[in-house]
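Enquirer: Got a structure here, written out as structure tokens. Questions coming.
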Amino acid sequence: MDEFEPNIIGFLCNWCSYAGADLAGTSRIQYPTNIKIIRVMCSGRIEPVFILESLKKGADGVLISGCHFGECHYKSGNYKANRRIKLLKKYLKEMGVDPNRVRFEFVSASEGHRFADVVREFVEELKKIGPISLQITP
Amino acid sequence: MVKLSINGQEVEVKEGQTILEAANSIGIEIPTLCYHKALSPYGACRLCVVEINHNGNIMYHTSCQFPVMEGIEVQTNTERVLKGRKIMVELMLARCPESEKIQELAEQFGVKETRFKKKDEDCILCGLCARICQERMGVGTIDFINRGIERDIKPPFETHSEICRVCGACASVCPTGARTLELKELSLREPNPILSEFNEGLAKRHPIYIPFPQSVPKIPVIDREKCIHFLLDECETCSIFCEAEAIKYDQEDEIIELDIGAIVVASGFDSFDPTAETKYGYGEFPNVITGMEFERLVSASGPTEGHIEVNGKEPTNIVFIQCVGSRDKDGNEYCSRVCCMYTAKQAHMVRDKFPDSELTIYFTDVRAFGKGFEEFYNRVQGENIIYLRRELDDTIQVVQNGNGVVVKAEGHPDIEADLVVLATGLIPREDSKELAQTLNINLSADGFFLEAHPKLRPVDTFTDGIFLAGSCQSPKDIPDTVAQASSAASRVCNILSQKELEIEATIAYVDETLCRACGFCVDACPYQAIELVRIQYLGHTTDVARVNEALCKGCGTCAAACLNGAIRQLGYTDGQILTIIKAFGEN
Amino acid sequence: MTEVIRFQILEDIQSKGQEILYPDKPRIAISMATCGLAAGAGKIYEVIKKEVKDQNLDWIITETGCIGFCQIEPLLYFHFPGKPKLFYGNLTEKKARELIKALAAGDIKQDWILWKIEDEESIINEEKYHLGKNENLKDVPLYKDYPFFAKQLKIALRNCGFIDPNSIDEYVARGGYSSFYKVINNLKSHEVIEEVKKSGLRGRGGAGFPTGLKWEMCSKEDSPIKYIICNADEGDPGAYMDRSILEGDPHSILEGMLIGAYAIGSNEGIIYVRAEYPIAIEKLRNAIKQAEGFGLLGKNILDTGFNFNIKIVKGAGAFVCGEETALIASLEGRPVDPRMRPPFPSHSGLWGKPTNINNVETWANIPPIIARGSDWYSSLGTEKSKGTKVFSLVGKIQNTGLVEVPMGISLREIIYDIGGGILEEKKFKAIQTGGPSGGCLPEDSINLPVDYDSLSEAGSIMGSGGMIVLDEDTCIVDLAKFFLGFTREESCGTCNSCREGLDASYDILNRITEGKAEISDLDLLEELSHVIIDFSLCGLGKTAPNPVLTTLRYFKDEYIAHIEEKKCPAKVCRALIHYTIIPDKCTGCGICFKLCPEEAITGKTKEPHFINSEKCIKCGICLDSCRFDAISISSGDL
Amino acid sequence: MRIGVYVCECGINISATVDVEKVANSAKSLPNVVISRYYKYMCSDPGQELIKKDIKELKLDRVVVASCSPRMHEPTFRVVLEEENLNPYCLEMVNIREQVSWVHKDKEKGTAKAISLVKGSVLRASLMRPLEKKKVSVTPNALVIGGGIAGIQAALDIGNMGYKTYLVEKTPSIGGRMAQLDKTFPTLDCSACILTPKMVDVAKHPNIELITYAEVTNVKGYVGNFKVEINKKAKSIDESLCTGCGDCWENCPTQYRAYLEPLEFKAELKNGEQVILDEIINKYKDERGAIMPILEDINDEFKYLPEESLKYVAAQIDYPLSTVYRIATFYNVFSLEPRGEHLINVCIGTTCHVRGAPKIIEAIKSELKIDVGETTEDMKFTLEPVRCLGCCSLAPVITIDGEAFGNLRPDKIAKVISKYD
């Protein structure tokens, strides 16, 4: 069985992180293919439901990335996301899911390199944690 | 009102005014020295004595003090008065023979030299300094002492005063300039001058000032952190001098609300402060100055009217060092684009002023990329200006050498110099971070404002309707700045010319049947675009959330906050995202 | 202390006062004013007191002010009831003891008596008080015939030397406070002012402004608070008549001010006394306490509802404080800068309130004017200068003293008839009047009548009355330099014209006295002086050049001698004189050798000495101390 | 629901590391997908024509384009839909260039990722609803922040186009950095000469309102409808009245930052002195002009005016120390130096002068080896001149501690002084 390849779903905010990911692209910075990116207008749009749904639907890890504090295009979306994800992580622990599977990062439009590093790191970390296996009682 | 005649001219003035004020009001000049419009008249210099005929008896009094009286006839320059004034000036010249100002005064009155015994005083005892200190500054550090020929003006016990605020008011009104040198004698406290920002701190300025003579609008401002009136509730000299009564101390900050269609940000740059780079010795040696300071020194309207002097001597060998604060791997990595050319220009200016001086320029790569730049660079090289190349990471050190300095550059012989000009680069303005937050635009890594796209939208920002021009976007010279400004202008007109604008459709939408007015979305909205309203629904009144479509920017935070999905972000509904999640879940 | 004088019982107080003045026991009064004390009257008083006690004589010993003739002090008078008053002068302790012994024994030492008084009269109520006659004192001159007093008419000095200044009773005895009674009883304030105006009295401080007019201006101001000030700063050197009145007859000032206050409507008075007059201050304080005790000062004076109190303020040694606005500045505790006039003090003076300032002598003249009426007063003096003026006749004069003469008297009469001519028969050269603001008048103007206008026409001013007689040994240029030296130090230093102008004039005069000047300097001096007068603010600056201008006008030749011939005719200017010892007169006694501060004199005892002219600083100590006239001064012939 | 899927090769940018054909084919089997193609350059005209043709012929109501980043060409393809009057919001873009082909070398994994991305977008496309772009009014005013050459040029251009422009400058005057320059490269024009005319144009321009010494503090709203809040700092000058004559800044007396903390002088009195001084001060406390009697009493008490006592008095009666010192140095009676035990006053009035006072002074000076106004080493004698003591009959006169000695001659001086030794 070849090595475990974690499946990551990434929610990137359009103005900073998505632009950062694009910059990584234009700069040809390579990073693993495990992540599939969903574009949302602001990290504040991401509901805990999306994260839980992602884990349920087989994502081994969920990456949420927004603008740095003070740089959000809509002023305070990233603060709201930060609060929701912190609460969610506590809750995940209760449900027996390793909170490290959910990661909240700040990547600005000019941090192409950093985005790639975050993805690479997250993949390595998930490899250590291993695949997610949620027994969903019907 | 009081009617009187001065030199035969009828004049009517308010009671309580003095003859001098009445004369000035009809354009008759009377010489004065110890008179100061903002101080009580003192009558020390006697220059303003005039002849007063008060129904028959002739009197001679100082016009700065004598109150106007009904029907008096005043003659301001009879032969006897003029002769007397000449003697007054001759006496002053005898008292202060070395004072330039008194020599000028003497010339004005046709007094060649004095027939009286010359003393070597530098103070004419006009009392202006004592009076301004007491009456305007409310301190009273110095005052007259003794009487008769022993008369002098000194702080108590003729030693340093403990209450002198070192505000320099006495120095500013001293007609002979005597008091200017004595500030140190008045107090042990260090005088700290108010440095003119426009002149890069090379000259002093008043708390009420215009930055430079050609300022537009030519209206001064009062710097309230430095003005004695605001700090100590004293002085008010400026309002006394202002004929137009335009000075309003109680004026308050005014908040102006503007409806604006589009914005151009042209906030410019700051020049790099090399103090931190101790190797250059800036701030330590007076011989080391920045490019901008050099510009002020060589400028005709500058503090030294274009005359370049270091430690009181014209410099003979000058060294320019390029790339100070630019192209620095662990600092500002970008190139400031203008330093190579302005250094060449400055070197050329020095060659003009001091034809036989030695000029050396330490460069790395001369970037003469613009139109006419290369030609200018060649011309400058032809003017016996030595260009020495050094690598950016080669060491360079400026060390003291008597009252000159020595520039030690790796790979080059030491060069003695009495002036070192650092070609300081351009850095983002200190307040650019704050402005970016206010305007909600982004900063690039180097701290300048981030353009939407370096090639395709160089003057746009990510926020529609806000455009960039000039060095606030990145260092550039004047031609590029002007070009960018015009392009930003056209981008603005592009918007303003349209009657209407389309805005993003992906805004929030409320399904009023589901909304139970919990208000979570109202708090979540960063733009206060949602409010709870009372509506009639199926016969009964209820509260629901309502979105102000003009204000909603479509960030979707409200949708995430809503518990039962009553409010949705069009284009990014929960359903749509969940379907993508499902697709991405299966591997 | 006698009980408070009730309004109606003035007369018996007066008679009681006379009992004290003319007791039924022998009475000795020693004149103990400053000039007397300086001459040794204090010790004389102690000697006499001891002598009288030793001989347990029942005599009354009191003190009195200075009668005016300072030359012959210490002076005393002895009055045996029923006998004339006998005046003895130039006393020493020894002579005083001897005199008491003689008087006790009935011997009145006739040859010692200077003059006698048989009938004493008071200017206030014209009554004469017969003291007594003594047949065998025929050849002793009467007081009123004595040369020094003959031509005098004492109004301001009426009581000086006649009463004990510490006793209010003696003052009342000679008609004191009767004028005030008259005023407060039946004269309205404007009537009092009319009287003073009609009397023609002019300010005795120096400017000569009509006093009545000044009072009227101040009374017209309607302000609840007004001030009455007595200017006793008397800065003119050589003038001390105010001191004599303050020390000899303090109550005359208080009465004058009371009348003035009533007329002008003020209830606060201030006497600004010069720091150099401690005795005057003591006498005034005592007089005020007594007057308050008698209900004549303070609240509800004599139950008439009029309140007036007087405060004494001590000066601190500044000539310029004699000028009205400077005086006010000093009183207000402000730095002394004379102020522009207008506004005149009568409109806005002390603390901005209407203030009336008069000189001591002016106040002293008020009670007599009220008592004797303005017609009597205006009959004295000349057409424009009414009444009498007190002059302090000093300098190189035989009889130094205070002289009160009717205006219009000639200088000659004052100098020769009253003054007894020039000291040590030297030749009269000039007379200086008006102090540092006055001028020097030469011999040929000696017949000038002495009054305000003729003195100012001659270029000098009346001033406070100082009259310094100068003989041939006084160098006029040196005197001008002295006056400029005085005013340049006393100027308050504000005006450039006065401070620098006087200093420059002083320097030119100094160069003239050192023989380093040119003729053109004289024109410069004159031009500068006129400009100083025009351009200065206060009286000091406007009159300080007068000494220069008058000396240039009358003694130009002396200036020229200094400049061209490098000669000082009066042999005073040190740079132009040199001392030599006349060998055959010099006995070699060595006194000059010992005293010479610069050891410029050499020579063995008993042999003629020699002065080394390089070292000699020409201080003149040798000349003064040589008893053999062996030292001669020469000038200009070197 | 009829969805068209279009996969772009972007030259070789995508096709190099993603098997576009495989991706296109994978989409065919997705629900509602009626057509799925791949083409070299979807954003080129032929590429766009391809889509238009399909929309028209196949009556597509959703279009999914897998190509570069939506931030790049979303507007382009939306126009394509609009031209076929299909609602532009029925477009869904899949970023398989910046986020797939350019960042993953492994073609197989890249293709798999692309397929999954396309699948997600297709499923999403079916749920998308047509949306109408809102129309918003435009306020025809412009705001230029910063009055340097950039701001000036922009304001002039906009103003000349007839729009109302507000130029906000933080410092009191426009001109910015360029005003500081002397000459400009490479033409060596004098910077002020070319800048000042433009500054004047701005000031005079009918459409430009100049707001100097002001900062933008808050910006709300969005393009066309910005609500800008400007804090115009108080200049303390009424701009409508000011004529720029310069009388105020030329006569302003200060060019230094004054020290602000409360400054006073402290008097260090020796023990016992304070009691005496308090007693003197309280005597005249409520009188006006009390300074003179107080100084006189201190002068009598200590024989001179000690420096610290003057400071103490000045503080107690709230008089400026400089005024107290001025009064103390004005009068002869007051001395600031300690006086000797015995005070010798020599009268230098006129009478004494003409009758020999200078010689007397000379004699005393040589006797005591001090000059006028000085005190002997052993603090025994102080020699001070005085103006006319009023006993001219005894001229020349001196007083020692108030006691007078008249008719003096130089040789008598030694004897007189010895009495006090």
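Going through the structure tokens in order, the chains are called A, B, and so on, while each chain numbers its residues from 1 and the ligands are numbered from 1 in the order shown.
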Run DSSP on the backbone and give me the residues of range 176-304 of chain D it puts in strand (DSSP E), as a ChimeraX atom specification.
Expert: /D:183-184,189-190,208-212,214-222,225-232
Enquirer: Name all residues at most 7 Å from Gly333 in chain C (count only C-alpha atoms; drop same-chain ones fewer than 4 positions away) and give them as a compact mmCIF listing (two decimals) with all heavy atoms, in the first residue's frame.
Expert:
# COMPACT_ATOMS: atom_id res chain seq x y z
N ALA C 329 5.90 105.96 41.65
CA ALA C 329 6.33 104.58 41.33
C ALA C 329 6.98 103.95 42.56
O ALA C 329 6.69 102.80 42.93
CB ALA C 329 7.34 104.62 40.17
N GLY D 289 2.33 98.16 47.79
CA GLY D 289 3.66 98.73 47.62
C GLY D 289 4.53 98.36 48.81
O GLY D 289 5.36 99.13 49.28
N ALA D 290 4.33 97.13 49.33
CA ALA D 290 5.02 96.74 50.58
C ALA D 290 6.51 96.49 50.33
O ALA D 290 7.29 96.45 51.28
CB ALA D 290 4.37 95.46 51.12
N ILE D 291 6.89 96.31 49.10
CA ILE D 291 8.27 95.88 48.82
C ILE D 291 9.28 96.88 49.38
O ILE D 291 10.29 96.50 49.99
CB ILE D 291 8.49 95.68 47.29
CG1 ILE D 291 9.91 95.17 47.01
CG2 ILE D 291 8.25 96.98 46.49
CD1 ILE D 291 10.13 93.75 47.43
N MET D 292 8.98 98.18 49.28
CA MET D 292 9.98 99.18 49.71
C MET D 292 10.23 99.11 51.22
O MET D 292 11.36 98.88 51.65
CB MET D 292 9.52 100.60 49.31
CG MET D 292 9.68 100.90 47.83
SD MET D 292 11.37 100.67 47.25
CE MET D 292 12.16 102.07 48.07
Enquirer: Give me, as a tab-separated table, each residue of chain A that comes within 7 Å of chain D, together with its shortest interatomic pair and the distance in Å at one decimal, counting only C-alpha atoms, with rows ordered by chain and rising residue number.
Expert:
residue	atom	partner	partner_atom	distance
A:Ala21	CA	D:Gln99	CA	6.7
A:Asp22	CA	D:Glu98	CA	5.2
A:Gly25	CA	D:Glu98	CA	4.1
A:Thr26	CA	D:Glu98	CA	6.2
A:Arg28	CA	D:Trp102	CA	5.5
A:Ile29	CA	D:Val103	CA	5.8
A:Gln30	CA	D:Val103	CA	4.3
A:Tyr31	CA	D:Val103	CA	6.0
A:Pro32	CA	D:His104	CA	6.7
A:Thr33	CA	D:His104	CA	6.3
Enquirer: Take the residues just selected and output them with C-alpha atoms as a PDB file, in the first residue's frame.
Expert:
ATOM      1  CA  ALA A  21      -2.022  30.976  -3.814  1.00  0.00           C
ATOM      2  CA  ASP A  22      -2.190  32.551  -7.295  1.00  0.00           C
ATOM      3  CA  GLY A  25       1.404  29.742  -9.022  1.00  0.00           C
ATOM      4  CA  THR A  26       2.820  32.631 -11.013  1.00  0.00           C
ATOM      5  CA  ARG A  28       6.010  28.397 -10.003  1.00  0.00           C
ATOM      6  CA  ILE A  29       6.468  27.361  -6.347  1.00  0.00           C
ATOM      7  CA  GLN A  30       5.734  23.601  -6.136  1.00  0.00           C
ATOM      8  CA  TYR A  31       3.702  22.114  -3.323  1.00  0.00           C
ATOM      9  CA  PRO A  32       1.882  18.802  -2.857  1.00  0.00           C
ATOM     10  CA  THR A  33      -1.388  18.210  -4.701  1.00  0.00           C
TER      11      THR A  33
END
Enquirer: From a DSSP pass on the backbone, collect the residues of range 217-264 of chain B flagged as helix (DSSP H, G or I) and hand them back as a PyMOL selection string.
Expert: chain B and resi 228-232+237-241
Enquirer: Output C-alpha atoms of each residue in that selection to a file, as a compact mmCIF listing (two decimals), in the first residue's frame.
Expert:
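New file selection_6.txt:
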# COMPACT_ATOMS: atom_id res chain seq x y z
CA ILE B 228 3.46 79.42 24.10
CA HIS B 229 -0.16 80.59 24.01
CA PHE B 230 -1.52 77.07 23.89
CA LEU B 231 1.11 75.67 26.26
CA LEU B 232 1.14 78.40 28.89
CA THR B 237 1.73 88.48 19.90
CA CYS B 238 0.55 87.20 16.52
CA SER B 239 -3.06 88.23 17.10
CA ILE B 240 -1.94 91.70 18.08
CA PHE B 241 0.04 92.05 14.84
Enquirer: Could you build a table of the residues in chain A lying no more than 9 Å from chain B, giving for each the nearest pair of atoms and their separation in Å rounded to one decimal place, using only C-alpha atoms, ordered by chain and ascending residue number, as a tab-separated table?
Expert:
residue	atom	partner	partner_atom	distance
A:Asn7	CA	B:Asn587	CA	7.2
A:Ile8	CA	B:Gly585	CA	8.5
A:Ile9	CA	B:Phe584	CA	7.0
A:Trp15	CA	B:Phe462	CA	7.8
A:Lys36	CA	B:Phe584	CA	6.9
A:Ile38	CA	B:Ile580	CA	7.8
A:Val40	CA	B:Tyr572	CA	7.3
A:Met41	CA	B:Cys555	CA	5.5
A:Cys42	CA	B:Cys555	CA	5.4
A:Ser43	CA	B:Thr557	CA	8.0
A:Gly44	CA	B:Thr557	CA	4.7
A:Arg45	CA	B:Thr557	CA	4.6
A:Ile46	CA	B:Ala560	CA	6.1
A:Glu47	CA	B:Ala560	CA	5.0
A:Pro48	CA	B:Ala560	CA	8.3
A:Phe50	CA	B:Leu578	CA	6.8
A:Glu53	CA	B:Ile581	CA	7.2
A:Ser54	CA	B:Ile581	CA	5.7
A:Leu55	CA	B:Gly585	CA	7.9
A:Lys56	CA	B:Gly585	CA	8.1
A:Lys57	CA	B:Gly585	CA	4.7
A:Gly58	CA	B:Gly585	CA	4.7
A:Ala59	CA	B:Gly585	CA	5.4
A:Asp60	CA	B:Gly585	CA	8.9
A:Gly70	CA	B:Gln437	CA	7.0
A:Glu71	CA	B:Asn442	CA	6.7
A:Cys72	CA	B:Asn440	CA	8.0
A:His73	CA	B:Asn440	CA	6.3
A:Tyr74	CA	B:Cys555	CA	6.5
A:Lys75	CA	B:Pro526	CA	6.6
A:Ser76	CA	B:Pro526	CA	6.4
A:Gly77	CA	B:Thr557	CA	6.4
A:Lys80	CA	B:Thr557	CA	7.9
A:Ala81	CA	B:Thr557	CA	8.7
A:Ala109	CA	B:Ser444	CA	8.4
A:Ser110	CA	B:Ala445	CA	6.7
A:Glu111	CA	B:Ala445	CA	8.5
Enquirer: Would you save the residues from that selection as a PDB file, in the first residue's frame, using C-alpha atoms?
Expert:
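This is the output file part_38.pdb:
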ATOM      1  CA  ASN A   7      -6.837  14.755   1.387  1.00  0.00           C
ATOM      2  CA  ILE A   8      -7.039  18.416   2.339  1.00  0.00           C
ATOM      3  CA  ILE A   9      -9.815  20.841   1.580  1.00  0.00           C
ATOM      4  CA  TRP A  15      -8.602  39.033  -1.477  1.00  0.00           C
ATOM      5  CA  LYS A  36      -8.181  21.349  -3.152  1.00  0.00           C
ATOM      6  CA  ILE A  38     -12.572  26.506  -2.430  1.00  0.00           C
ATOM      7  CA  VAL A  40     -14.864  32.312  -0.624  1.00  0.00           C
ATOM      8  CA  MET A  41     -15.099  36.082  -0.547  1.00  0.00           C
ATOM      9  CA  CYS A  42     -13.934  36.299   3.118  1.00  0.00           C
ATOM     10  CA  SER A  43     -12.703  33.891   5.784  1.00  0.00           C
ATOM     11  CA  GLY A  44     -15.638  35.184   7.806  1.00  0.00           C
ATOM     12  CA  ARG A  45     -17.943  33.289   5.390  1.00  0.00           C
ATOM     13  CA  ILE A  46     -16.676  29.903   6.587  1.00  0.00           C
ATOM     14  CA  GLU A  47     -19.111  28.184   8.930  1.00  0.00           C
ATOM     15  CA  PRO A  48     -18.058  25.444  11.318  1.00  0.00           C
ATOM     16  CA  PHE A  50     -18.373  23.506   6.337  1.00  0.00           C
ATOM     17  CA  GLU A  53     -18.891  18.484   6.598  1.00  0.00           C
ATOM     18  CA  SER A  54     -15.446  18.414   4.985  1.00  0.00           C
ATOM     19  CA  LEU A  55     -14.107  16.036   7.666  1.00  0.00           C
ATOM     20  CA  LYS A  56     -17.265  13.955   7.323  1.00  0.00           C
ATOM     21  CA  LYS A  57     -16.972  13.793   3.606  1.00  0.00           C
ATOM     22  CA  GLY A  58     -13.463  12.363   3.853  1.00  0.00           C
ATOM     23  CA  ALA A  59     -11.105  15.280   4.130  1.00  0.00           C
ATOM     24  CA  ASP A  60      -8.204  14.328   6.402  1.00  0.00           C
ATOM     25  CA  GLY A  70      -6.115  44.483  10.128  1.00  0.00           C
ATOM     26  CA  GLU A  71      -5.789  43.689   6.447  1.00  0.00           C
ATOM     27  CA  CYS A  72      -9.155  42.014   5.859  1.00  0.00           C
ATOM     28  CA  HIS A  73     -10.840  43.533   2.809  1.00  0.00           C
ATOM     29  CA  TYR A  74     -14.049  43.558   4.844  1.00  0.00           C
ATOM     30  CA  LYS A  75     -12.332  44.878   7.951  1.00  0.00           C
ATOM     31  CA  SER A  76     -13.112  42.176  10.502  1.00  0.00           C
ATOM     32  CA  GLY A  77     -14.038  38.950   8.760  1.00  0.00           C
ATOM     33  CA  LYS A  80     -14.833  36.311  13.318  1.00  0.00           C
ATOM     34  CA  ALA A  81     -13.324  33.270  11.580  1.00  0.00           C
ATOM     35  CA  ALA A 109      -1.557  38.443  -1.245  1.00  0.00           C
ATOM     36  CA  SER A 110       2.207  38.764  -1.380  1.00  0.00           C
ATOM     37  CA  GLU A 111       3.087  35.600   0.598  1.00  0.00           C
TER      38      GLU A 111
END
Enquirer: If we count only C-alpha atoms, what is near Ile279 in chain C at a cut-off of 9 Å, once residues fewer than 6 positions away on the same chain are taken out, given as number ranges by chain?
Expert: C: 33-34, 243, 246-247
Enquirer: Which residues come within 9 Å of Cys619 in chain C, counting only C-alpha atoms, excluding same-chain residues fewer than 4 positions away, as a list in words?
Expert: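 Those residues are Arg574, Cys596, Pro597 and Leu623 of chain C; Pro358, Lys359, Glu362 and Ala363 of chain D.
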Enquirer: Restricting the output to C-alpha atoms, write the selected residues as a compact mmCIF listing (two decimals), in the first residue's frame.
Expert:
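Writing the result to result12.txt gives the following:
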# COMPACT_ATOMS: atom_id res chain seq x y z
CA ARG C 574 44.58 117.73 38.29
CA CYS C 596 51.46 111.74 50.70
CA PRO C 597 49.45 108.67 49.63
CA LEU C 623 49.14 121.64 50.28
CA PRO D 358 37.63 114.68 46.89
CA LYS D 359 40.76 115.12 49.01
CA GLU D 362 41.60 110.26 48.68
CA ALA D 363 42.86 110.28 52.26
